[in-house]
Every structure is written in C-alpha cells, then in structure tokens.
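Step one of this worksheet: look at the structure below.
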Amino acid sequence: MTDTAPRELPLQELDEVIIRFAGDSGDGMQLTGDQFTSISAALGNDLATLPEFPAEIRAPQGTLAGVSAFQVRISDFAITTPGDAPTVLVAMNPAALKAQLHNLVQGGAVIVNTDAFNERNLEKAGYESDPLEDGTLDGYRSYPVPMSQITKDAVAVHGVKPRDAERSKNFFALGLISWMYTRPTEPTMEFISTKFRGKELVIKANEAAFQAGYNFGETAELFESHYEIKPAELPQGEYTNVNGNTALAWGCAASGQLARLPVFLGSYPITPASDILHDLSELKHFGVRTFQAEDEIAAAASAVGAAFGGALAFTTTSGPGVALKGETLGLAVSLELPLVVIDIQRGGPSTGLPTKPEQADLLMAMYGRHSESPMPIVAPRSPADCFNAAIEACRIALRYRTPVMLLSDGYLATSSEPWLLPDIDSLPDIGVDFHTGFNGTNEDGDGIFLPYLRDSETLARPWAIPGTPDLMHRIGGIEKEDESGNISYDPANHQKMVNLRAAKVEGIDVPDVEVAGDPDADFCMLGWGSTWGAIDASVDRLQAAGKKVAHVHLTHLNPFPKNLGEVLSKFETVICPEMNAGQLVNLVRAKYLLDVKPVNKMNGVPFTTAEIESAALQAMDNS
Amino acid sequence: MTDTSTRTEPGDWATDQEVRWCPGCGDYSILTAMRMLMPELEVDRENTVFVSGIGCAARFPYYMNTYGMHGIHGRAPAIATGLAMARPDLDVWVIGGDGDMMSIGGNHLIHALRRNVNLNILLFNNMIYGLTKGQFSPTSEVGKVTKSSPMGSVDTPFNPMSVALGAEASFVARTHDMDRQHMMEMFRRAHDHKGASIVEVFQNCNVFNDGAWEGITKKGNRDSNLITLEHGQPIKFGADGELGVVVENGAAKVVSVADVGESAILIHDEKKPDPSTAFMLSRLSQGPFEPTPIGVFRAVERIEYASSSTAQLAMAQNDKGAGDLSSLLRSRGTWQV
Ligand SMILES: Cc1ncc(C[n+]2csc(CCOP(=O)(O)OP(=O)(O)O)c2C)c(N)n1
Ligand code: SF4
Ligand SMILES: [Mg+2]
C-alpha cells in the first residue's frame with residue numbers, strides 16, 4: 001500500500017455489473033477477465049462470461065480486427081446470461097474503444113488507457129479525430145487513465161525494461177477494476193505468483209502494476225464512488241466456474257467412467273471445437289486416448305474403428321468437419337455402433353464466421369447424410385449443461401448402439417458460468433454389456449451368433465467385440481439381412497431394415513419436456529440449445545411486467561420428447577428464437593402441423609434478452 | 001482366448017458366404033494364400049480382424065472367418081487405425097484396391113504408414129477400378145483406354161512402392177497373385193512386422209484389365225522380368241542369374257553380370273535405415289514390361305504407434321494417478337456457497 005491516505009469514498013451497492021475488458025489481442029484481456037471472474041466467484045456472486053476473440057491469431061496490432069474482448073457479468077441474484085450490454089467498458093487502445101463503444105449502455109462508464117491514444121493508433125483504428133476530445137464519449141461517463149505510464153513508473157523500480165513494463169498494464173486495469181468493485185487483492189497476488197512461477201521479474205512487475213491500479217482508484221480523485229455487489233442467493237454447495245468446451249471434455253471423460261469403458265477421441269483441430277481435443281489430451285490418466293487424425297473423415301473413421309473394438313468413441317468438430325464426416329456417420333448408422341459426434345456450431349457456410357456461434361447445423365445433424373440415416377440429437381442449454389449433455393449422448397449411443405449428434409455452439413463453448421458440482425455418486429450408470437455368447441442356432445442346432453438380432457425393447461443389436469471367442473462376424477455398409485447381418489440386396493429386407501433403423505431412433509427413451517414460466521399462459525417460447533439463457537431471462541422480465549408467458553426448451557431434438565406436440569398445441573402462440581433461418585421451426589411444423597413463428601438471428605452474436613423480450617411482446621401484440 | 005495349441009486348418013478360416021468375385025479373378029488366389037497362411041501364423045480367429053474399404057478387393061473380409069468390417073471407400077486405414085489404437089492386442093489386416101487406397105484413401109494410407117500403426121495393409125493392385133466396371137485408376141499407365149478415358153488416360157500413375165517409401169513406411173513389400181508361396185511369405189513377413197506393413201499384390205482383373213501384369217508374372221516372362229529381392233543376397237535375375245542390378249549415378253540399373261563382375265552387383269539390404277536405395281529399386285521399373293523387383297524392399301524397426309500412445313497413458317497414470325472424476329471437476333478451483 002502507498003502511504004497516501006485513502007480517500008473516504010462512498011460505497012454504493014449494486015445488484016449487478018457487466019464489465020467488458022477490451023484491448024489488443026496481445027494485451028491479455030482474456031487473462032484479466034478470467035481472473036476478475038475467479039475473484040468474483042469466490043465472493044459468491046453469480047456470474048456469466050462471454051469471451052470474444054479475433055478470428056486471426058496475430059491480427060495487426062492496434063487494428064479493429066485485432067481487438068480481443070471479455071465480458072463478465074456479476075450479480076447478487078441468479079442470472080442465465082452474460083448480459084445484453086456492458087455497463088462498464090475498459091478500453092486499452094483506440095481500436096478497442098471503436099470496436100466496443102457501441103455495445104455500451106447509454107450512460108455507462110468507459111475507462112480508457114489514454115497513453116494508447118496517439119496519432120498512429122488513432123489512425124489504425126480509423127479515428128479521424130481524438131474520440132477522447134471530439135464528443136464521441138458524450139453520453140457516457142468517461143475515465144481517462146494513463147495506464148501505460150503509471151504502469152511503467154510502478155514497475156521501473158524493479159528494473160523492468162520500459163518495453164516489458166508496458167506488458168503489465170492489463171494487471172493495472174485489473175487492479176483498478178478490483179478497487180472499483182471492492183474485490184480483495186490477495187487472490188490476484190496469489191494468482192500472479194502461481195501463474196508466472198519461476199519468472200521473478202514478471203511476478204514483481206505484474207504485482208506492482210496490479211497494486212498501482214488498485215491504489216490509483218483509491219487516490220486519483222477520478223471516481224465518485226466505488227461499488228459493492230453482494231453474494232447471490234444460490235443453492236448451497238461447492239461451485240466451479242466452467243465453460244462449455246471444458247464441461248464437454250469432462251463429460252466425455254466422466255462417461256467413460258460411468259460406462260466403465262476406455263474413451264477414444266478421433267479429432268481434427270477446428271475452431272471453436274479444438275479445446276475439447278486439448279482438454280481430453282490432458283486426461284490420459286483417465287485412460288482417454290486421443291488421436292489427432294489427418295482430417296475429419298479419418299477422425300470419424302478412427303472413432304468407428306475404436307467403437308468396433310469396444311471403446312466409448314467420440315469425434316469432435318465444427319460444421320465444416322461434420323460435413324466431411326457425413327459418409328462415415330452413415331456407415332456408423334448402418335453398422336449400429338455407439339459413437340458420439342460433437343459439433344460446436346459456428347457461422348457458415350464454408351469458413352463463415354469461425355469464432356462466432358450459430359445454430360444452423362440442426363438440419364445437417366438431422367438430415368445431412370445420404371438416404372434414410374436417422375441419428376439422435378441432443379443439445380446442451382448452458383456451459384455447465386454441456387457436462388450432462390455429454391453423458392446423455394453417451395447413454396443413448398451405448399444403449400441403442402447408434403451414433404449420436406451433440407450440438408453445442410461457439411457461444412456455449414467459450415462462455416462460462418458457476419456450476420454447482422454434482423455428486424459423483426448421483427451420476428447415472430450408463431454401462432452396457434458386451435455380447436459374449438451365441439444368440440441363435442442353425443439348422444443343425446448349433447449355436448450361432450446373429451449380429452443383427454435386436455433387443456426387443458430397445459431394438460439395439462448386440463455389441464460383440466473382437467477378441468470374443470466364437471462370435472466372429474463381419475459387418476459393413478452394404479445392406480444387411482435382418483438378424484444374420486449377412487449381405488442382402490433383397491428389396492423387402494431393405495425396407496424392413498430402413499424401418500427398423502428409424503423405429504430404433506424414434507423409440508429412444510427421451511424425458512418429457514417441462515414447461516417453464518407460466519404453464520397456463522397462451523403464449524410460449526420454444527427454444528433449443530444455447531438460447532436457453534436469454535429466453536429464460538426474458539421470461540423473468542416479461543413476467544415481472546405482468547405478462548403471462550411459458551418457455552419450452554428442448555435438449556432432445558431427435559427424437560422429440562413424446563409430449564412435445566401435445567404441450568405446444570395448448571398454446572395460442574408459439575415463437576421460436578433460434579440462431580438460424582428457422583430450422584427447429586421447420587421440424588416442428590412438419591411434425592406437428594403447428595404454426596410456430598420463427599424469430600431468427602444470424603449475425604454471429606447470441607440473442608440478447610432484450611431482443612427476445614421485444615420479439616415476444618411483438619408476437620403477443622400480433623396475436 | 002481359445003487354446004492356441006489346437007491348430008486351425010485353412011478351412012476354419014473360411015466363412016459360409018459365397019465368394020462373389022468373377023470367375024478367374026486374381027483375388028481368389030490371394031484369398032487362398034491368406035487362408036493357407038493363417039494356420040501357420042498360429043493366431044486365433046477371434047483376435048484377427050480384416051478391415052476394408054470399397055471395391056472388389058474390399059469384399060475380402062466377408063470371406064474370412066474372423067472379425068471383419070467392410071467400411072467405406074478409402075477409409076479402411078483410418079478405421080483400422082482407431083481399432084488398432086483401441087485394441088493393440090488384435091491382429092489387424094487392411095485390404096483394399098488401388099483405387100481405394102491410392103485414390104480416395106491415399107491420404108489415410110500415407111498417414112497410417114508414417115505413424116507406423118500396427119496394421120498389415122494389402123494393396124490389391126489391378127491397375128483398374130474393378131467394382132465400378134473399368135475406369136482407369138491412379139496406377140493405370142498413361143494412355144490407358146477405358147470408358148472414362150476413351151482417348152487414353154493422361155494421368156501419370158503412382159508407383160505404390162515409391163509412395164509407401166516416401167511416406168516413411170517401415171515395411172514395404174510386393175508380390176503377385178500367380179505365386180502363392182511368395183504371397184504367403186510376404187503376408188507372413190507383414191504380419192510379423194511390428195508397425196505398419198504394406199504389401200502390394202499385383203492382381204489380375206480378368207474382366208476389365210486382363211493380363212495387365214503378364215509382362216512380368218507370366219511363367220515365360222518371369223525369368224527376364226521378375227527380380228526377387230532377398231535380404232543379404234546380390235540382386236540378380238534371369239534364367240541363369242546372368243542379369244543384375246547396380247547403383248550408378250544415384251539410380252538403380254539393370255546390367256549384365258558378366259559385364260560388371262559379381263562384386264559390382266548390389267547386395268540387397270532391407271534393413272538399411274536410409275530408404276534411398278529401396279526407393280531406387282522401386283524406380284527400376286516403369287511398368288509391367290521391364291524387370292521389376294518383388295519381395296521385401298524395406299523392413300526396419302521403428303516404434304509402433306499404439307504402443308507410443310499406450311506408453312503415454314501409462315506415464316500419465318504414473319505421474320497423476322488413475323483419473324479421479326471428483327478431483328477433475330475441482331481442478332480449476334472451487335468455492336463454497
Ligand atoms: C464415396 C464413394 N465414391 C465412389 C464409390 C464407387 N466406387 C466403389 S469401388 C470404386 C473403385 C474400386 O477400385 P479399386 O479400389 O481399385 O478396387 P477393385 O474393385 O479394383 O478391387 C469406386 C470408385 C463409392 N463406393 N464410394
Ligand atoms: S471385376 Fe475384376 S477385380 Fe473385380 S471381381 Fe471381377 S475380375 Fe476381379
Ligand atoms: Mg483396382
């Protein structure tokens with residue numbers, strides 16, 4: 001602490017704040033945001049985060065394309081989204097201000113690093129005049145802070161070179177924000193010393209910068225007050241902060257244990273799915289074998305091979321990769337082997353918006369293979385729910401011996417939320433038995449193995465793996481005779497097999513949908529996947545405004561829950577917000593002949609609560 | 001496990017499925033060689049798996065009484081890689097044609113080879129697309145007239161041995177469908193090799209490319225045009241061993257032994273770590289009309305892929321202990337509410 005006497009500033013209580021840290025991709029904004037999130041989590045706030053990365057790894061410094069941002073919302077009440085618009089923007093350079101200012105709420109606070117607002121940077125950001133002076137910030141509360149300079153001064157005593165000193169300025173920003181929201185300093189100090197262990201100079205510099213930022217808030221007479229956000233009332237228990245991709249990776253590893261099977265992942269790197277490959281590659285001590293294949297086809301094919309060998313097999317990718325895997329997934333449908341395909345959807349077509357979310361692979365998951373090739377589909381609704389969805393996908397794959405598509409997206413993948421850790425013992429047992437004996441007899445009365453003789457309840461075929469004595473058999477993509485599995489071109493048999501494959505998927509035991517909000521409302525919002533948070537939050541707002549509104553959210557998209565048609569038909573009006581051009585709407589209309597109204601958005605940004613709220617209000621007016 | 005002491009007979013390896021290749025197809029003799037070899041390998045049927053792609057050749061698994069998967073066109077090496085990784089205890093054979101493995105599946109083939117996955121890959125090369133009724137393939141010669149190349153193919157063909165050697169394959173061999181003993185020997189060597197083995201089998205498609213290999217495999221042509229490579233032996237051929245191979249100016253070349261003297265003849269060394277000489281041998285012949293080597297081009301030891309992967313799993317368990325779900329979920333820090 002400095003020896004300047006702290007000013008007595010009023011401490012103002014807030015119920016929430018939405019902060020967006022924005023800077024150049026080299027400025028360490030993700031780290032800053034992550035750390036602010038951890039401290040707030042430890043304080044008991046509810047929270048949700050939304051990182052935003054540039055598509056290019058090293059976009060030219062100081063340009064709009066190079067801006068990296070991290071939004072975190074912390075609150076003293078339960079929340080389901082990272083918030084529509086930030087109330088505080090920390091802009092480390094002109095490009096960050098330019099790229100992000102329009103997101104800020106009117107009257108919001110902008111904390112800028114004035115040292116970065118030189119002519120060159122202004123030009124790179126495309127500013128013709130200095131936004132700090134030309135009225136650009138009118139209507140916002142702006143706090144100009146010479147972050148680079150103070151950071152340099154603060155770290156100079158440790159003998160850090162000025163060029164390196166500059167790199168600690170994100171910790172200055174973190175210190176300042178920590179002061180503003182009365183976060184304790186110790187956890188960050190601890191974080192710095194663990195994170196940079198072995199690099200003494202870096203530790204000293206970052207600590208000094210962080211402390212300088214904290215002190216600056218206290219002493220600079222720039223701020224009118226500082227704030228406090230009380231802990232949220234959340235269910236009791238132990239929490240961790242998790243993003244969707246990590247939750248999926250953990251769900252895959254957990255499924256291996258719950259099924260008592262070794263896990264195999266065949267994958268080819270692609271944004272925004274690569275982190276699942278990375279995370280699972282770290283879990284070798286769980287018996288997780290990862291295979292970075294030569295392409296997505298090989299990734300899927302290797303998983304099919306591993307499944308034939310008795311592994312719990314996964315392949316992870318994004319839309320372009322699913323397109324490549326299509327033929328192999330058709331093989332898996334025909335072979336009737338368990339396989340989980342994880343698609344982290346991103347904007348398309350083609351390379352599209354590789355770092356931005358979309359929900360536009362639903363129809364590809366449903367129909368994107370040649371011929372009649374039904375595949376179950378599950379979709380998580382929140383980052384933490386990815387863990388459950390992975391287990392559910394595995395349960396279906398194993399029990400019914402079928403490839404299953406799990407549809408997450410770029411939003412769930414990277415955003416995070418507190419997760420009340422489940423009791424491990426309460427997780428379902430999803431194990432199935434390998435087949436080990438004969439299941440039929442030939443004309444001579446000898447025991448034989450019929451690889452396509454189905455279980456009468458699930459219609460699943462027996463899973464007999466190589467190494468099992470006497471059960472040698474051949475499977476393949478050519479149509480198989482019912483029961484024996486021998487090649488068959490018989491027309492009636494093909495019809496039968498098509499019907500059986502369809503009936504097996506249609507018959508999967510899927511829990512009924514529940515109606516959230518007001519079940520007696522005339523108006524309902526239908527959603528699936530990552531729109532859950534925004535729809536849920538908009539239901540709260542609409543109800544607070546006295547509107548009657550219901551919410552039905554799907555985890556299972558194929559087959560649909562058995563009660564879905566009946567549930568939806570009770571509402572006068574159903575709207576369906578989705579990040580595509582109306583794909584779930586098409587499925588529901590086709591299946592139930594219900595006039596569900598589409599609400600679509602495809603600009604690479606998840607729905608805001610306000611957008612859904614206004615779509616709902618409009619639909620209510622029109623009905 | 002069944003008792004390995006009860007030796008199997010070739011017939012034990014046959015299935016009840018009717019073999020559906022065209023009468024006279026070279027695939028029959030390959031199948032026979034395989035069924036005859038199996039009892040000699042003293043392996044169990046249930047621990048043997050045949051994986052294939054699509055094509056006439058790729059029907060092979062249906063005819064072997066083992067575990068088998070008839071996959072999709074070109075993808076057998078990738079499917080087999082996953083199987084061999086998940087189940088290093090199995091003997092995994094991969095069967096495919098020249099179209100299957102050099103065209104649509106070329107990528108998977110080279111990667112399986114460079115990774116050195118423990119697979120025995122048999123490439124049935126008939127220089128034609130058989131199953132789709134006779135289009136030119138990536139091994140067909142320039143000028144090949146087929147339905148899809150009525151004026152002759154303008155594609156330069158692949159030489160599968162050169163491709164395999166370029167792809168870092170640790171075991172590379174070639175044989176032909178007219179010589180059962182040699183086939184069995186090559187298959188046995190491929191099986192015994194730990195890592196990826198590829199055996200190119202010159203195979204006659206008597207319907208769409210009949211006699212394509214006759215220039216070298218027909219009895220009367222073998223003396224002059226088949227060079228049988230044998231480890232540690234001078235590379236000589238001809239009715240009386242009068243022809244030989246030397247390396248000159250960075251290339252292999254056929255010479256008269258009398259002209260150069262015995263001592264100048266290249267001694268075949270399949271274990272040479274550097275693949276350059278093997279590559280030169282693979283370039284000796286441009287097609288089935290001139291002296292062409294068969295036998296093992298290269299057999300070197302290199303760490304096998306699945307065992308490397310298994311070693312990492314073991315190392316991780318050693319370092320971190322067996323995976324514990326409860327601590328995994330707490331690995332990024334937790335807090336109490
Ligand atoms: C994705 C796909 N493309 C094309 C085909 C059609 N097709 C089947 S086999 C084959 C080529 C077969 O040639 P080869 O691999 O040399 O085997 P052969 O029949 O000669 O033994 C082709 C093009 C297919 N089955 N799948
Ligand atoms: S088409 Fe050729 S390769 Fe295929 S089965 Fe007939 S003869 Fe054999
Ligand atoms: Mg062929």
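Note on naming: chains are A, B, ... as they come in the structure tokens, residues start from 1 per chain, ligands start from 1 in the order shown.
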May I ask you to extract the residues of chain A within 6 Å of chain B, using only C-alpha atoms, and to give them as a short mmCIF file (atom, residue, chain, number, x, y, z; two decimals) with N, CA, C and O atoms, in the first residue's frame?
```cif
data_model
loop_
_atom_site.label_atom_id
_atom_site.label_comp_id
_atom_site.auth_asym_id
_atom_site.auth_seq_id
_atom_site.Cartn_x
_atom_site.Cartn_y
_atom_site.Cartn_z
N ALA A 42 -15.42 -16.36 -6.13
CA ALA A 42 -15.06 -16.69 -4.75
C ALA A 42 -15.84 -15.83 -3.76
O ALA A 42 -16.08 -16.24 -2.62
N GLN A 236 -26.93 -24.00 -2.11
CA GLN A 236 -25.71 -24.26 -1.37
C GLN A 236 -24.91 -25.39 -1.98
O GLN A 236 -25.47 -26.32 -2.55
N GLY A 237 -23.61 -25.27 -1.84
CA GLY A 237 -22.76 -26.35 -2.31
C GLY A 237 -21.45 -25.83 -2.84
O GLY A 237 -21.12 -24.66 -2.68
N GLU A 238 -20.73 -26.74 -3.47
CA GLU A 238 -19.41 -26.39 -3.98
C GLU A 238 -19.53 -26.07 -5.47
O GLU A 238 -20.11 -26.84 -6.23
N TYR A 239 -18.95 -24.94 -5.85
CA TYR A 239 -19.05 -24.47 -7.23
C TYR A 239 -17.70 -24.41 -7.90
O TYR A 239 -16.67 -24.17 -7.26
N THR A 240 -17.73 -24.58 -9.22
CA THR A 240 -16.56 -24.21 -10.01
C THR A 240 -17.07 -23.40 -11.19
O THR A 240 -18.26 -23.42 -11.50
N LYS A 284 -5.13 -38.21 -20.10
CA LYS A 284 -4.63 -39.56 -20.40
C LYS A 284 -4.70 -40.46 -19.17
O LYS A 284 -4.87 -41.66 -19.28
N HIS A 285 -4.57 -39.85 -17.98
CA HIS A 285 -4.62 -40.68 -16.77
C HIS A 285 -6.03 -41.20 -16.51
O HIS A 285 -6.23 -42.07 -15.66
N PHE A 286 -7.01 -40.71 -17.26
CA PHE A 286 -8.36 -41.30 -17.21
C PHE A 286 -8.50 -42.43 -18.23
O PHE A 286 -9.60 -42.93 -18.46
N ALA A 298 -10.99 -39.11 -41.32
CA ALA A 298 -10.20 -40.08 -40.56
C ALA A 298 -10.54 -40.01 -39.08
O ALA A 298 -10.54 -41.03 -38.38
N ALA A 301 -13.70 -41.89 -38.82
CA ALA A 301 -13.47 -43.29 -39.17
C ALA A 301 -12.71 -44.00 -38.05
O ALA A 301 -13.02 -45.14 -37.69
N SER A 302 -11.72 -43.33 -37.48
CA SER A 302 -10.95 -43.96 -36.40
C SER A 302 -11.86 -44.21 -35.20
O SER A 302 -11.73 -45.23 -34.52
N ALA A 303 -12.80 -43.29 -34.98
CA ALA A 303 -13.73 -43.47 -33.86
C ALA A 303 -14.65 -44.68 -34.13
O ALA A 303 -14.95 -45.44 -33.20
N GLY A 305 -13.78 -47.28 -35.85
CA GLY A 305 -12.92 -48.44 -35.62
C GLY A 305 -12.76 -48.73 -34.13
O GLY A 305 -12.83 -49.88 -33.68
N ALA A 306 -12.58 -47.67 -33.34
CA ALA A 306 -12.41 -47.83 -31.90
C ALA A 306 -13.70 -48.37 -31.27
O ALA A 306 -13.65 -49.20 -30.36
N GLY A 309 -14.01 -51.89 -31.68
CA GLY A 309 -13.11 -52.57 -30.75
C GLY A 309 -13.57 -52.50 -29.30
O GLY A 309 -12.93 -53.06 -28.42
N PRO A 466 -14.22 -57.75 -31.12
CA PRO A 466 -13.14 -58.67 -31.48
C PRO A 466 -12.41 -59.14 -30.24
O PRO A 466 -12.25 -58.39 -29.27
N GLY A 467 -12.01 -60.38 -30.27
CA GLY A 467 -11.39 -60.98 -29.11
C GLY A 467 -12.36 -61.90 -28.39
O GLY A 467 -11.95 -62.73 -27.58
N THR A 468 -13.66 -61.77 -28.70
CA THR A 468 -14.65 -62.62 -28.07
C THR A 468 -14.68 -63.96 -28.82
O THR A 468 -15.00 -63.99 -30.00
N PRO A 469 -14.35 -65.07 -28.14
CA PRO A 469 -14.32 -66.36 -28.83
C PRO A 469 -15.66 -66.70 -29.46
O PRO A 469 -16.72 -66.34 -28.92
N MET A 472 -17.05 -64.48 -34.01
CA MET A 472 -16.51 -63.81 -35.19
C MET A 472 -17.65 -63.47 -36.14
O MET A 472 -18.53 -64.30 -36.41
N HIS A 473 -17.64 -62.25 -36.62
CA HIS A 473 -18.68 -61.84 -37.57
C HIS A 473 -18.17 -60.66 -38.37
O HIS A 473 -17.21 -59.99 -37.97
N ARG A 474 -18.82 -60.42 -39.47
CA ARG A 474 -18.44 -59.32 -40.34
C ARG A 474 -19.59 -58.33 -40.43
O ARG A 474 -20.75 -58.74 -40.56
N ILE A 475 -19.25 -57.06 -40.30
CA ILE A 475 -20.28 -56.05 -40.50
C ILE A 475 -19.79 -55.09 -41.58
O ILE A 475 -18.59 -55.01 -41.85
N GLY A 476 -20.72 -54.38 -42.17
CA GLY A 476 -20.30 -53.48 -43.24
C GLY A 476 -21.42 -52.56 -43.66
O GLY A 476 -22.54 -52.63 -43.15
#
```
Would you name the residues within 10 Å of ligand 1, counting only C-alpha atoms and all ligand atoms, and put them as a PyMOL selection string? (chain A and resi 327-328+477) or (chain B and resi 21+25-27+53-60+71-75+95-105+123-140+203-205+208-209)
As a ChimeraX atom specification, please: every residue in range 121-266 of chain B that a backbone DSSP assignment puts in strand (DSSP E or B). /B:121-125,129,135,146,149,171-176,197-202,205,209,226-229,234,236-237,243-248,251-256
Since we have the selection now, will you write its residues out, keeping N, CA and C atoms, as a short mmCIF file (atom, residue, chain, number, x, y, z; two decimals), in the first residue's frame?
```cif
data_model
loop_
_atom_site.label_atom_id
_atom_site.label_comp_id
_atom_site.auth_asym_id
_atom_site.auth_seq_id
_atom_site.Cartn_x
_atom_site.Cartn_y
_atom_site.Cartn_z
N ILE B 121 -1.24 -54.03 -44.23
CA ILE B 121 -2.03 -53.43 -45.31
C ILE B 121 -1.72 -54.14 -46.63
N LEU B 122 -2.76 -54.71 -47.22
CA LEU B 122 -2.57 -55.38 -48.51
C LEU B 122 -3.26 -54.57 -49.59
N LEU B 123 -2.48 -54.14 -50.55
CA LEU B 123 -2.99 -53.32 -51.65
C LEU B 123 -3.10 -54.20 -52.89
N PHE B 124 -4.33 -54.53 -53.25
CA PHE B 124 -4.54 -55.37 -54.42
C PHE B 124 -4.53 -54.46 -55.65
N ASN B 125 -3.42 -54.48 -56.36
CA ASN B 125 -3.26 -53.54 -57.48
C ASN B 125 -3.58 -54.23 -58.80
N TYR B 129 -10.26 -49.68 -61.84
CA TYR B 129 -11.40 -49.71 -60.93
C TYR B 129 -12.26 -50.89 -61.35
N GLN B 135 -12.96 -48.15 -64.97
CA GLN B 135 -12.32 -46.86 -65.25
C GLN B 135 -10.82 -46.96 -64.92
N THR B 146 -10.01 -46.54 -71.36
CA THR B 146 -11.13 -47.12 -70.60
C THR B 146 -12.37 -46.32 -70.96
N SER B 149 -11.77 -42.88 -70.22
CA SER B 149 -10.59 -42.30 -70.90
C SER B 149 -10.52 -42.87 -72.32
N PHE B 171 7.75 -51.08 -43.32
CA PHE B 171 7.80 -52.38 -44.02
C PHE B 171 7.09 -52.23 -45.36
N VAL B 172 7.85 -52.50 -46.43
CA VAL B 172 7.32 -52.30 -47.78
C VAL B 172 7.67 -53.53 -48.61
N ALA B 173 6.64 -54.17 -49.16
CA ALA B 173 6.92 -55.38 -49.93
C ALA B 173 5.96 -55.49 -51.10
N ARG B 174 6.32 -56.39 -52.01
CA ARG B 174 5.49 -56.57 -53.20
C ARG B 174 5.47 -58.05 -53.57
N THR B 175 4.34 -58.47 -54.07
CA THR B 175 4.22 -59.86 -54.51
C THR B 175 3.20 -59.90 -55.65
N HIS B 176 2.90 -61.09 -56.15
CA HIS B 176 1.89 -61.16 -57.22
C HIS B 176 1.02 -62.40 -57.09
N SER B 197 2.76 -52.32 -42.12
CA SER B 197 3.37 -53.05 -43.23
C SER B 197 2.48 -52.86 -44.44
N ILE B 198 3.07 -52.61 -45.56
CA ILE B 198 2.26 -52.58 -46.78
C ILE B 198 2.82 -53.58 -47.77
N VAL B 199 1.90 -54.38 -48.31
CA VAL B 199 2.28 -55.33 -49.36
C VAL B 199 1.43 -55.02 -50.59
N GLU B 200 2.10 -54.68 -51.67
CA GLU B 200 1.39 -54.50 -52.94
C GLU B 200 1.30 -55.86 -53.61
N VAL B 201 0.08 -56.23 -53.99
CA VAL B 201 -0.10 -57.51 -54.67
C VAL B 201 -0.52 -57.21 -56.11
N PHE B 202 0.32 -57.59 -57.08
CA PHE B 202 -0.09 -57.45 -58.48
C PHE B 202 -1.24 -58.43 -58.69
N CYS B 205 -7.23 -58.46 -62.91
CA CYS B 205 -8.68 -58.31 -63.08
C CYS B 205 -8.97 -58.82 -64.47
N ASN B 209 -9.17 -55.65 -67.00
CA ASN B 209 -7.77 -55.32 -67.27
C ASN B 209 -6.96 -56.61 -67.38
N LEU B 226 11.09 -60.60 -63.64
CA LEU B 226 10.82 -60.56 -62.20
C LEU B 226 12.12 -60.63 -61.44
N ILE B 227 12.35 -59.63 -60.63
CA ILE B 227 13.56 -59.62 -59.80
C ILE B 227 13.13 -59.92 -58.37
N THR B 228 13.56 -61.06 -57.83
CA THR B 228 13.15 -61.39 -56.48
C THR B 228 14.19 -60.89 -55.49
N LEU B 229 13.76 -59.92 -54.69
CA LEU B 229 14.69 -59.35 -53.71
C LEU B 229 14.83 -60.29 -52.53
N PRO B 234 23.00 -60.77 -53.48
CA PRO B 234 23.14 -59.88 -54.63
C PRO B 234 21.86 -59.91 -55.48
N LYS B 236 20.14 -60.42 -58.37
CA LYS B 236 20.38 -60.99 -59.69
C LYS B 236 19.12 -61.67 -60.18
N PHE B 237 18.97 -61.75 -61.47
CA PHE B 237 17.82 -62.46 -62.04
C PHE B 237 18.20 -62.97 -63.42
N LEU B 243 21.65 -61.63 -65.15
CA LEU B 243 21.37 -60.20 -65.07
C LEU B 243 21.45 -59.74 -63.61
N GLY B 244 21.78 -58.49 -63.41
CA GLY B 244 21.89 -57.99 -62.04
C GLY B 244 21.56 -56.51 -61.97
N VAL B 245 21.53 -56.02 -60.74
CA VAL B 245 21.21 -54.61 -60.53
C VAL B 245 22.40 -53.91 -59.88
N VAL B 246 22.77 -52.79 -60.42
CA VAL B 246 23.81 -51.96 -59.79
C VAL B 246 23.24 -50.57 -59.54
N VAL B 247 23.93 -49.83 -58.67
CA VAL B 247 23.54 -48.43 -58.47
C VAL B 247 24.59 -47.58 -59.17
N GLU B 248 24.10 -46.72 -60.04
CA GLU B 248 25.01 -45.89 -60.81
C GLU B 248 24.42 -44.50 -60.92
N ALA B 251 21.04 -43.97 -59.29
CA ALA B 251 19.87 -44.71 -59.74
C ALA B 251 20.21 -46.18 -59.87
N ALA B 252 19.19 -47.02 -59.68
CA ALA B 252 19.40 -48.45 -59.88
C ALA B 252 19.30 -48.73 -61.37
N LYS B 253 20.05 -49.76 -61.79
CA LYS B 253 20.13 -50.01 -63.23
C LYS B 253 20.34 -51.50 -63.46
N VAL B 254 19.76 -52.05 -64.49
CA VAL B 254 19.95 -53.46 -64.82
C VAL B 254 21.18 -53.59 -65.71
N VAL B 255 22.04 -54.57 -65.35
CA VAL B 255 23.27 -54.78 -66.13
C VAL B 255 23.47 -56.28 -66.37
N SER B 256 24.37 -56.58 -67.21
CA SER B 256 24.78 -57.97 -67.39
C SER B 256 25.88 -58.23 -66.36
#
```
If you run DSSP over the backbone, which residues in range 266-413 of chain A end up alpha helix (DSSP H)? Put them as a ChimeraX atom specification. /A:274-281,296-308,319-335,362-367,385-400,410-413
Within 8 Å of Leu353 in chain A, counting only C-alpha atoms, which residues qualify if same-chain residues fewer than 4 places away don't, as a PDB file with N, CA and C atoms, in the first residue's frame?
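Output file result28.pdb is given in full below:
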```pdb
ATOM      1  N   ALA A  55     -10.686 -13.488 -35.204  1.00  0.00           N
ATOM      2  CA  ALA A  55     -10.522 -14.715 -35.981  1.00  0.00           C
ATOM      3  C   ALA A  55      -9.055 -14.959 -36.325  1.00  0.00           C
ATOM      4  N   ARG A 346     -20.700 -23.109 -35.639  1.00  0.00           N
ATOM      5  CA  ARG A 346     -20.177 -21.760 -35.888  1.00  0.00           C
ATOM      6  C   ARG A 346     -20.836 -21.222 -37.145  1.00  0.00           C
ATOM      7  N   GLY A 347     -20.653 -19.921 -37.377  1.00  0.00           N
ATOM      8  CA  GLY A 347     -21.291 -19.295 -38.529  1.00  0.00           C
ATOM      9  C   GLY A 347     -20.765 -19.862 -39.833  1.00  0.00           C
ATOM     10  N   GLY A 348     -21.622 -20.088 -40.799  1.00  0.00           N
ATOM     11  CA  GLY A 348     -21.240 -20.597 -42.106  1.00  0.00           C
ATOM     12  C   GLY A 348     -22.066 -19.922 -43.163  1.00  0.00           C
ATOM     13  N   PRO A 357     -20.833 -17.930 -32.902  1.00  0.00           N
ATOM     14  CA  PRO A 357     -21.809 -19.023 -32.811  1.00  0.00           C
ATOM     15  C   PRO A 357     -22.951 -18.908 -33.820  1.00  0.00           C
ATOM     16  N   GLY A 604     -23.860 -13.668 -35.793  1.00  0.00           N
ATOM     17  CA  GLY A 604     -22.672 -14.117 -35.066  1.00  0.00           C
ATOM     18  C   GLY A 604     -22.687 -13.750 -33.588  1.00  0.00           C
TER      19      GLY A 604
END
```
Of B:Asp210, B:Glu304, B:Glu185, B:Asp223, the one nearest to ligand 3 when counting only C-alpha atoms and all ligand atoms is B:Asp210
Between A:Ala109, A:Val605, A:Leu584, A:Leu31, which is the closest to Lys195 in chain A once you count only C-alpha atoms? A:Leu31
Please identify all polymer residues within 8 Å of Pro462 in chain A, counting only C-alpha atoms, omitting same-chain residues fewer than 4 positions from it, and present them as an MDAnalysis selection string. chainID A and resid 434:435 451:455
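Taking CA of Val112 in chain A and CA of Tyr143 in chain A as endpoints, the distance between them is 6.3 Å.
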